[in-house]
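*Asks:* Got a file for you: work33.txt, compact mmCIF, C-alpha atoms.
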```txt
# COMPACT_ATOMS: atom_id res chain seq x y z
CA MET A 1 1.05 -1.55 -27.04
CA SER A 2 3.15 -3.73 -24.78
CA GLU A 3 5.14 -4.93 -27.80
CA ASP A 4 6.27 -1.58 -29.09
CA HIS A 5 6.17 0.94 -26.23
CA LYS A 6 9.46 2.32 -25.06
CA HIS A 7 10.64 1.39 -21.61
CA PRO A 8 10.52 4.28 -19.19
CA ASN A 9 13.58 4.79 -17.04
CA TYR A 10 12.48 2.54 -14.18
CA MET A 11 15.60 3.23 -12.13
CA LEU A 12 14.91 6.97 -12.20
CA ILE A 13 11.33 6.38 -10.99
CA TRP A 14 12.69 4.10 -8.28
CA VAL A 15 15.04 6.86 -7.08
CA VAL A 16 12.23 9.43 -7.10
CA LEU A 17 10.00 7.07 -5.06
CA LEU A 18 12.78 6.53 -2.51
CA VAL A 19 13.57 10.23 -2.22
CA LEU A 20 9.88 11.00 -1.66
CA THR A 21 9.70 8.26 1.01
CA VAL A 22 12.70 9.74 2.83
CA LEU A 23 11.13 13.22 2.61
CA GLU A 24 7.85 11.87 4.00
CA VAL A 25 9.57 10.29 6.97
CA ALA A 26 11.53 13.53 7.51
CA VAL A 27 8.29 15.54 7.56
CA ALA A 28 6.82 13.11 10.11
CA PHE A 29 9.91 13.26 12.32
CA PHE A 30 10.62 16.99 12.20
CA PRO A 31 7.29 18.80 12.24
CA GLN A 32 8.99 21.73 13.96
CA TRP A 33 10.48 22.71 10.60
CA PHE A 34 7.08 23.94 9.54
CA PRO A 35 5.76 27.44 10.08
CA GLY A 36 2.78 28.25 12.25
CA GLY A 37 2.31 26.74 15.69
CA GLY A 38 -0.11 24.03 16.75
CA LEU A 39 -2.89 23.42 14.27
CA GLY A 40 -0.98 25.14 11.46
CA ILE A 41 1.78 22.53 11.69
CA ILE A 42 -0.74 19.69 11.63
CA ILE A 43 -2.56 21.03 8.59
CA SER A 44 0.60 21.81 6.63
CA THR A 45 2.25 18.44 7.40
CA ILE A 46 -0.93 16.50 6.51
CA ALA A 47 -1.25 18.41 3.22
CA LEU A 48 2.41 17.80 2.40
CA LEU A 49 2.33 14.09 3.34
CA LEU A 50 -0.86 13.42 1.38
CA GLY A 51 0.52 15.35 -1.59
CA MET A 52 3.70 13.29 -1.64
CA ALA A 53 1.77 10.02 -1.20
CA PHE A 54 -0.46 11.03 -4.11
CA VAL A 55 2.56 11.74 -6.32
CA LYS A 56 4.15 8.39 -5.39
CA ALA A 57 0.94 6.44 -6.03
CA GLY A 58 0.56 8.30 -9.32
CA LEU A 59 4.10 7.41 -10.41
CA VAL A 60 3.48 3.73 -9.62
CA ALA A 61 0.19 3.68 -11.56
CA TRP A 62 1.46 5.78 -14.48
CA TYR A 63 4.79 4.05 -15.13
CA PHE A 64 4.87 0.68 -13.32
CA MET A 65 1.28 -0.20 -14.18
CA HIS A 66 1.82 1.13 -17.71
CA LEU A 67 -1.13 3.48 -17.74
CA LYS A 68 1.12 5.83 -19.73
CA PHE A 69 0.99 3.38 -22.61
CA GLU A 70 -2.72 2.59 -22.57
CA GLN A 71 -5.44 4.19 -24.64
CA LYS A 72 -6.96 7.34 -23.18
CA ASN A 73 -10.43 5.79 -22.89
CA PHE A 74 -9.03 2.90 -20.90
CA VAL A 75 -7.20 5.23 -18.52
CA LEU A 76 -10.44 7.18 -18.01
CA ILE A 77 -12.35 3.99 -17.20
CA VAL A 78 -9.85 2.63 -14.70
CA SER A 79 -9.42 5.97 -12.94
CA PHE A 80 -13.15 6.27 -12.32
CA PRO A 81 -12.94 4.31 -9.01
CA LEU A 82 -10.56 7.02 -7.82
CA VAL A 83 -13.29 9.59 -8.37
CA LEU A 84 -15.79 7.39 -6.51
CA ALA A 85 -13.28 7.02 -3.66
CA CYS A 86 -12.95 10.81 -3.33
CA VAL A 87 -16.74 11.15 -3.36
CA LEU A 88 -16.92 8.55 -0.58
CA VAL A 89 -14.57 10.53 1.65
CA ILE A 90 -16.39 13.79 0.94
CA LEU A 91 -19.77 12.19 1.72
CA LEU A 92 -18.43 10.87 5.03
CA TRP A 93 -17.04 14.24 6.04
CA PRO A 94 -20.28 15.41 7.76
CA ASP A 95 -19.73 12.52 10.19
CA VAL A 96 -16.53 14.22 11.29
CA ALA A 97 -18.10 17.62 11.65
CA SER A 98 -21.18 16.46 13.58
CA ALA A 99 -19.33 14.45 16.21
CA MET Z 100 0.33 -25.91 -25.30
CA SER Z 101 3.10 -24.48 -23.22
CA GLU Z 102 5.43 -23.69 -26.11
CA ALA Z 103 2.60 -22.18 -28.08
CA ALA Z 104 1.64 -20.02 -25.13
CA ALA Z 105 5.19 -18.80 -24.74
CA ALA Z 106 5.70 -18.18 -28.43
CA THR Z 107 2.46 -16.48 -29.44
CA PRO Z 108 2.43 -12.78 -28.69
CA ASN Z 109 -0.91 -11.47 -27.56
CA ASP Z 110 -2.39 -9.57 -30.42
CA VAL Z 111 -4.34 -6.80 -28.75
CA SER Z 112 -4.70 -4.54 -31.75
CA LYS Z 113 -8.22 -5.80 -32.42
CA GLN Z 114 -9.28 -5.97 -28.77
CA VAL Z 115 -11.66 -3.53 -27.17
CA LEU Z 116 -9.69 -0.58 -25.73
CA GLY Z 117 -6.43 -2.21 -26.80
CA VAL Z 118 -6.14 -4.53 -23.80
CA THR Z 119 -6.52 -8.28 -23.45
CA ASP Z 120 -9.55 -9.66 -21.62
CA GLY Z 121 -7.35 -10.85 -18.78
CA LYS Z 122 -5.82 -7.44 -18.30
CA MET Z 123 -9.24 -5.79 -18.41
CA ALA Z 124 -10.46 -8.27 -15.79
CA MET Z 125 -7.49 -7.53 -13.51
CA TRP Z 126 -8.09 -3.78 -13.80
CA ILE Z 127 -11.77 -4.22 -12.95
CA PHE Z 128 -10.77 -6.30 -9.93
CA LEU Z 129 -8.21 -3.68 -8.87
CA GLY Z 130 -10.83 -0.96 -9.22
CA SER Z 131 -13.22 -2.74 -6.88
CA ASP Z 132 -10.40 -3.76 -4.55
CA GLY Z 133 -9.31 -0.15 -4.41
CA MET Z 134 -12.85 0.75 -3.39
CA SER Z 135 -12.69 -1.72 -0.48
CA PHE Z 136 -9.44 -0.17 0.68
CA MET Z 137 -10.97 3.27 0.27
CA GLY Z 138 -13.88 2.21 2.49
CA LEU Z 139 -11.43 1.31 5.24
CA ILE Z 140 -9.44 4.50 4.72
CA ALA Z 141 -12.56 6.69 4.79
CA ALA Z 142 -13.73 4.98 8.00
CA TYR Z 143 -10.25 5.50 9.47
CA ILE Z 144 -10.34 9.22 8.66
CA VAL Z 145 -13.75 9.67 10.30
CA LEU Z 146 -12.83 7.63 13.40
CA ARG Z 147 -9.51 9.35 13.84
CA PHE Z 148 -10.81 12.91 13.51
CA ASN Z 149 -13.68 12.13 15.86
CA ASN Z 150 -11.26 10.85 18.50
CA MET Z 151 -8.41 13.29 18.08
CA ASP Z 152 -8.17 14.01 21.82
CA THR Z 153 -7.53 10.39 22.74
CA TRP Z 154 -5.74 9.26 19.59
CA PRO Z 155 -2.15 8.40 20.52
CA SER Z 156 0.72 9.76 18.48
CA PRO Z 157 1.65 7.05 15.92
CA ALA Z 158 5.36 7.86 16.31
CA GLU Z 159 5.07 6.92 19.97
CA TYR Z 160 3.82 3.39 19.37
CA LEU Z 161 4.68 2.44 15.81
CA GLY Z 162 8.20 1.62 14.67
CA ILE Z 163 8.33 4.17 11.86
CA GLN Z 164 11.96 3.45 10.94
CA LEU Z 165 11.23 -0.28 10.58
CA THR Z 166 8.12 0.39 8.50
CA ALA Z 167 9.93 2.95 6.37
CA PHE Z 168 12.46 0.21 5.62
CA ASN Z 169 9.55 -2.13 4.86
CA THR Z 170 8.15 0.45 2.46
CA PHE Z 171 11.57 0.61 0.83
CA ILE Z 172 11.52 -3.20 0.39
CA LEU Z 173 8.07 -3.10 -1.19
CA ILE Z 174 9.05 -0.30 -3.60
CA CYS Z 175 12.17 -2.28 -4.57
CA SER Z 176 10.05 -5.39 -5.19
CA SER Z 177 7.85 -3.29 -7.47
CA VAL Z 178 10.94 -2.30 -9.44
CA THR Z 179 12.10 -5.93 -9.70
CA MET Z 180 8.60 -6.75 -10.98
CA VAL Z 181 8.88 -4.28 -13.87
CA LYS Z 182 12.36 -5.67 -14.54
CA ALA Z 183 10.82 -9.15 -14.74
CA PHE Z 184 8.25 -7.83 -17.21
CA GLU Z 185 11.09 -6.28 -19.22
CA GLY Z 186 12.67 -9.74 -19.33
CA ALA Z 187 9.36 -11.24 -20.43
CA LEU Z 188 9.01 -8.70 -23.26
CA ALA Z 189 12.53 -9.55 -24.45
CA ASN Z 190 11.82 -13.31 -24.16
CA ASP Z 191 14.75 -13.37 -21.75
CA VAL Z 192 13.71 -16.26 -19.48
CA PRO Z 193 16.74 -16.18 -17.12
CA LYS Z 194 16.16 -12.46 -16.47
CA LEU Z 195 12.44 -13.06 -16.00
CA LYS Z 196 13.08 -15.87 -13.52
CA LYS Z 197 15.73 -13.95 -11.61
CA TYR Z 198 13.57 -10.86 -11.14
CA LEU Z 199 10.41 -12.84 -10.37
CA LEU Z 200 12.32 -14.62 -7.64
CA LEU Z 201 13.61 -11.30 -6.28
CA THR Z 202 10.04 -9.97 -6.26
CA ILE Z 203 8.85 -13.03 -4.32
CA LEU Z 204 11.72 -12.53 -1.88
CA GLY Z 205 10.79 -8.87 -1.43
CA GLY Z 206 7.17 -9.74 -0.69
CA THR Z 207 8.22 -12.44 1.75
CA ALA Z 208 10.61 -10.06 3.52
CA PHE Z 209 7.79 -7.52 3.81
CA LEU Z 210 5.49 -10.12 5.38
CA GLY Z 211 8.24 -11.31 7.72
CA MET Z 212 8.85 -7.81 8.97
CA GLN Z 213 5.14 -7.24 9.43
CA VAL Z 214 4.95 -10.35 11.62
CA TYR Z 215 7.98 -9.09 13.58
CA GLU Z 216 6.27 -5.73 13.99
CA TYR Z 217 3.00 -7.28 15.22
CA TYR Z 218 4.83 -9.55 17.62
CA HIS Z 219 6.69 -6.64 19.19
CA PHE Z 220 3.56 -4.58 19.58
CA PHE Z 221 2.11 -7.28 21.79
CA ALA Z 222 5.37 -7.98 23.58
CA ASN Z 223 6.04 -4.31 24.30
CA THR Z 224 4.87 -3.14 27.71
CA HIS Z 225 6.05 0.46 27.83
CA GLY Z 226 3.76 3.35 27.06
CA ILE Z 227 1.01 5.19 28.86
CA ASP Z 228 0.59 3.78 32.37
CA GLY Z 229 2.66 0.73 31.52
CA ALA Z 230 0.26 -0.42 28.82
CA ASN Z 231 0.17 0.10 25.09
CA PRO Z 232 -2.81 0.37 22.74
CA PHE Z 233 -1.98 -2.93 21.11
CA ARG Z 234 -2.12 -4.80 24.40
CA ILE Z 235 -5.35 -3.02 25.19
CA PHE Z 236 -6.71 -4.11 21.84
CA LEU Z 237 -5.57 -7.66 22.55
CA SER Z 238 -7.00 -7.71 26.06
CA GLY Z 239 -10.21 -6.22 24.69
CA ILE Z 240 -10.54 -9.13 22.31
CA TRP Z 241 -9.28 -12.07 24.29
CA GLU Z 242 -9.46 -11.07 27.93
CA GLY Z 243 -12.48 -8.81 27.75
CA LYS Z 244 -13.52 -8.23 31.32
CA LEU Z 245 -10.29 -9.11 33.10
CA ILE Z 246 -9.50 -6.64 35.85
CA ASP Z 247 -6.34 -5.55 34.14
CA GLY Z 248 -8.15 -4.96 30.88
CA ALA Z 249 -10.99 -3.06 32.55
CA TRP Z 250 -8.51 -0.85 34.36
CA VAL Z 251 -6.69 0.00 31.20
CA TRP Z 252 -9.89 0.70 29.27
CA SER Z 253 -11.02 3.24 31.81
CA HIS Z 254 -7.73 5.08 31.50
CA LEU Z 255 -7.39 5.07 27.76
CA GLU Z 256 -10.90 5.63 26.50
CA GLY Z 257 -11.13 5.70 22.74
CA SER Z 258 -7.67 4.39 22.04
CA THR Z 259 -8.82 0.82 21.33
CA LEU Z 260 -9.74 2.30 17.96
CA PHE Z 261 -6.08 3.01 17.40
CA GLY Z 262 -5.24 -0.68 17.66
CA SER Z 263 -8.26 -2.04 15.80
CA THR Z 264 -8.07 0.37 12.86
CA PHE Z 265 -4.33 -0.21 12.66
CA PHE Z 266 -4.69 -3.98 12.50
CA VAL Z 267 -7.66 -3.98 10.14
CA MET Z 268 -5.86 -1.80 7.60
CA THR Z 269 -2.36 -3.25 7.78
CA ALA Z 270 -3.58 -6.86 8.01
CA PHE Z 271 -5.99 -6.40 5.09
CA HIS Z 272 -3.05 -5.12 3.09
CA GLY Z 273 -0.82 -7.90 4.45
CA CYS Z 274 -3.34 -10.48 3.18
CA HIS Z 275 -3.04 -8.88 -0.24
CA VAL Z 276 0.75 -9.15 -0.09
CA PHE Z 277 0.42 -12.79 0.96
CA SER Z 278 -1.94 -13.55 -1.94
CA GLY Z 279 0.44 -11.69 -4.23
CA VAL Z 280 3.37 -13.84 -3.10
CA VAL Z 281 1.35 -17.03 -3.69
CA TYR Z 282 0.21 -15.70 -7.08
CA LEU Z 283 3.81 -14.81 -8.05
CA PHE Z 284 4.99 -18.21 -6.85
CA PHE Z 285 2.61 -20.04 -9.19
CA ILE Z 286 3.57 -17.75 -12.07
CA TYR Z 287 7.22 -18.55 -11.28
CA ILE Z 288 6.48 -22.30 -11.37
CA GLY Z 289 4.78 -21.72 -14.73
CA VAL Z 290 7.85 -19.91 -16.06
CA CYS Z 291 10.05 -22.80 -14.88
CA ASN Z 292 7.79 -25.24 -16.75
CA GLY Z 293 7.82 -23.08 -19.86
CA SER Z 294 4.11 -22.33 -19.58
CA TRP Z 295 3.95 -18.55 -19.46
CA ASN Z 296 3.20 -15.58 -21.68
CA LYS Z 297 3.82 -11.86 -21.58
CA ASN Z 298 0.20 -11.07 -20.85
CA ARG Z 299 0.21 -13.24 -17.72
CA ILE Z 300 3.40 -11.61 -16.44
CA GLU Z 301 1.95 -8.17 -17.06
CA ILE Z 302 -1.25 -9.05 -15.19
CA VAL Z 303 0.54 -10.37 -12.11
CA GLY Z 304 2.66 -7.21 -12.28
CA LEU Z 305 -0.47 -5.06 -12.23
CA TYR Z 306 -1.64 -6.78 -9.04
CA TRP Z 307 1.77 -6.44 -7.40
CA HIS Z 308 2.12 -2.73 -8.22
CA PHE Z 309 -1.38 -2.10 -6.92
CA VAL Z 310 -0.42 -3.67 -3.58
CA ASP Z 311 2.62 -1.37 -3.50
CA LEU Z 312 0.45 1.64 -4.38
CA VAL Z 313 -2.01 0.90 -1.59
CA TRP Z 314 0.83 0.50 0.91
CA ILE Z 315 2.17 3.94 -0.02
CA VAL Z 316 -1.20 5.44 0.98
CA ILE Z 317 -1.62 3.32 4.14
CA PHE Z 318 1.93 4.00 5.30
CA THR Z 319 1.32 7.72 4.96
CA ILE Z 320 -2.03 7.99 6.71
CA VAL Z 321 -1.55 5.35 9.42
CA TYR Z 322 2.12 5.80 10.30
CA LEU Z 323 3.15 9.29 9.29
CA VAL Z 324 0.18 11.62 9.67
CA GLU Z 325 0.28 13.30 13.08
CA THR Z 326 -2.85 14.80 14.58
CA GLU Z 327 -1.49 15.57 18.02
CA VAL Z 328 -0.89 19.30 18.41
CA PRO Z 329 2.82 19.69 19.26
CA ALA Z 330 3.52 21.48 22.52
```
Would you encode the structure as structure tokens?
*Replies:*
Amino acid sequence: MSEDHKHPNYMLIWVVLLVLTVLEVAVAFFPQWFPGGGLGIIISTIALLLGMAFVKAGLVAWYFMHLKFEQKNFVLIVSFPLVLACVLVILLWPDVASA
Amino acid sequence: MSEAAAATPNDVSKQVLGVTDGKMAMWIFLGSDGMSFMGLIAAYIVLRFNNMDTWPSPAEYLGIQLTAFNTFILICSSVTMVKAFEGALANDVPKLKKYLLLTILGGTAFLGMQVYEYYHFFANTHGIDGANPFRIFLSGIWEGKLIDGAWVWSHLEGSTLFGSTFFVMTAFHGCHVFSGVVYLFFIYIGVCNGSWNKNRIEIVGLYWHFVDLVWIVIFTIVYLVETEVPA
């Protein structure tokens, strides 16, 4: 694996990460660009910010941490904590609703 | 031993799942470490949504521009880390050393800016009623029942959570960056002494990228997400 895999274009990934960071900050600074007043803005900006953060984290794991070049079984095993993490948040959600 | 370690490539073709034991161990650690971070993040989400009325706007108290620059530094240090690994794969020791050093510098700069940020939170006195949540947090911890502290608490009910959750999450991550810098430093010493191998460089890289990955999430939910309904 690490001996023979091709190098991804790290500089391109770097640029994508930086562009996404700039976009994230722009979303945080200019919420008025988004449609719908009040709660609509909050929901759409949170969805957009979390989406971009997820893409960035995915790029780091996939290319920088070389998951792209690992065996499928290994990728499945190491991404299982991510599933558990999502379950944790979902299980805690009733705490938000009941307060 | 050192020459042998540097010269022998790690044959992983016969290993379980095609990874070395060390790499498997690091991934298992990162999985459990990710769960600890997720515990903090989940708690943060619950606390924040339960206190939305009193939760201050992050943009009002946090230096988002400074932290965005800090995020930039950490992303750059992640890129220098993969460049170092590239050097290790090519047996290019000068390249490996140069990029490892740059990665260490990036991590140190990140920590320095975090200290600067913390310092200014406590030094800053503007904000609601001449107090800020960080000072309230501080007075809550160290001054407890002082008149000033009690006065501020009664006016800003709930917002101590803003300070405590902020510090728990960013400082927990900062400790990871600090450990990463120490870890990288020892790897760098090893490279200087000729006692290194590709597997070791890859494993320290995994840790470093994970720290970057976690910061991407923390930066988004602590600094950028806004729950105050705009007027």
*Asks:* Show me which bits of chain Z are within 7 Å of chain A, counting all atoms listed in the file, as a list in words.
*Replies:* Leu116, Gly117, Trp126, Gly130, Met134, Met137, Ala141, Val145, Phe148, Asn149, Phe171, Val178, Val181, Leu305, His308, Leu312, Ile315, Val316, Thr319, Leu323, Val324, Glu325, Thr326, Val328 and Pro329 of chain Z
*Asks:* Please determine, counting all atoms listed in the file, which residue among Z:Leu195, Z:Val214, Z:Leu188, Z:Val281 has the shortest atom-to-atom distance to Thr269 in chain Z.
*Replies:*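 Closest candidate: Z:Val214.
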*Asks:* Work out how far apart CA of Lys122 in chain Z and CA of Met268 in chain Z are and give it in Å to one decimal.
*Replies:*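 Separation between CA of Lys122 in chain Z and CA of Met268 in chain Z: 26.5 Å.
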*Asks:* Could you give me the centre and size, in Å to one decimal, of an axis-aligned box around all listed atoms of range 285-295 of chain Z with 3 Å added on every side, as lines of an AutoDock Vina configuration file?
*Replies:*
```
center_x = 6.3
center_y = -21.5
center_z = -14.5
size_x = 13.4
size_y = 13.5
size_z = 16.7
```
*Asks:* Go ahead and compute the interatomic distance for CA of Cys175 in chain Z and CA of Tyr218 in chain Z, in Å to one decimal.
*Replies:*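 Going from CA of Cys175 in chain Z over to CA of Tyr218 in chain Z, I get 24.5 Å.
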*Asks:* Do you know which residues are at most 8 Å from range 204-213 of chain Z counting all atoms listed in the file, after dropping those on the same chain fewer than 2 positions away, and could you put them as an MDAnalysis selection string?
*Replies:* chainID Z and resid 169 172:173 175:176 200:202 215:217 273 276:277 279:280
*Asks:* Quick one: pull the distance between CA of Thr264 in chain Z and CA of Val55 in chain A, Å, one decimal.
*Replies:* 24.7 Å
*Asks:* Please identify all polymer residues within 9 Å of Lys182 in chain Z, counting only C-alpha atoms, omitting same-chain residues fewer than 3 positions from it, and present them as a PDB file with C-alpha atoms, in the frame of the given file.
*Replies:*
```pdb
ATOM      1  CA  TYR A  10      12.480   2.540 -14.180  1.00  0.00           C
TER       2      TYR A  10
ATOM      3  CA  SER Z 177       7.850  -3.290  -7.470  1.00  0.00           C
ATOM      4  CA  VAL Z 178      10.940  -2.300  -9.440  1.00  0.00           C
ATOM      5  CA  THR Z 179      12.100  -5.930  -9.700  1.00  0.00           C
ATOM      6  CA  GLU Z 185      11.090  -6.280 -19.220  1.00  0.00           C
ATOM      7  CA  GLY Z 186      12.670  -9.740 -19.330  1.00  0.00           C
ATOM      8  CA  ALA Z 187       9.360 -11.240 -20.430  1.00  0.00           C
ATOM      9  CA  LYS Z 194      16.160 -12.460 -16.470  1.00  0.00           C
ATOM     10  CA  LEU Z 195      12.440 -13.060 -16.000  1.00  0.00           C
ATOM     11  CA  TYR Z 198      13.570 -10.860 -11.140  1.00  0.00           C
ATOM     12  CA  LEU Z 199      10.410 -12.840 -10.370  1.00  0.00           C
TER      13      LEU Z 199
END
```
*Asks:* Let me make sure I understand: among Z:Ala167, Z:Ala270, Z:Ala124, Z:Ile203, which one has the smallest atom-to-atom distance to Arg299 in chain Z if we use all atoms listed in the file?
*Replies:*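 Using all atoms listed in the file, the shortest distance to Arg299 in chain Z belongs to Z:Ala124.
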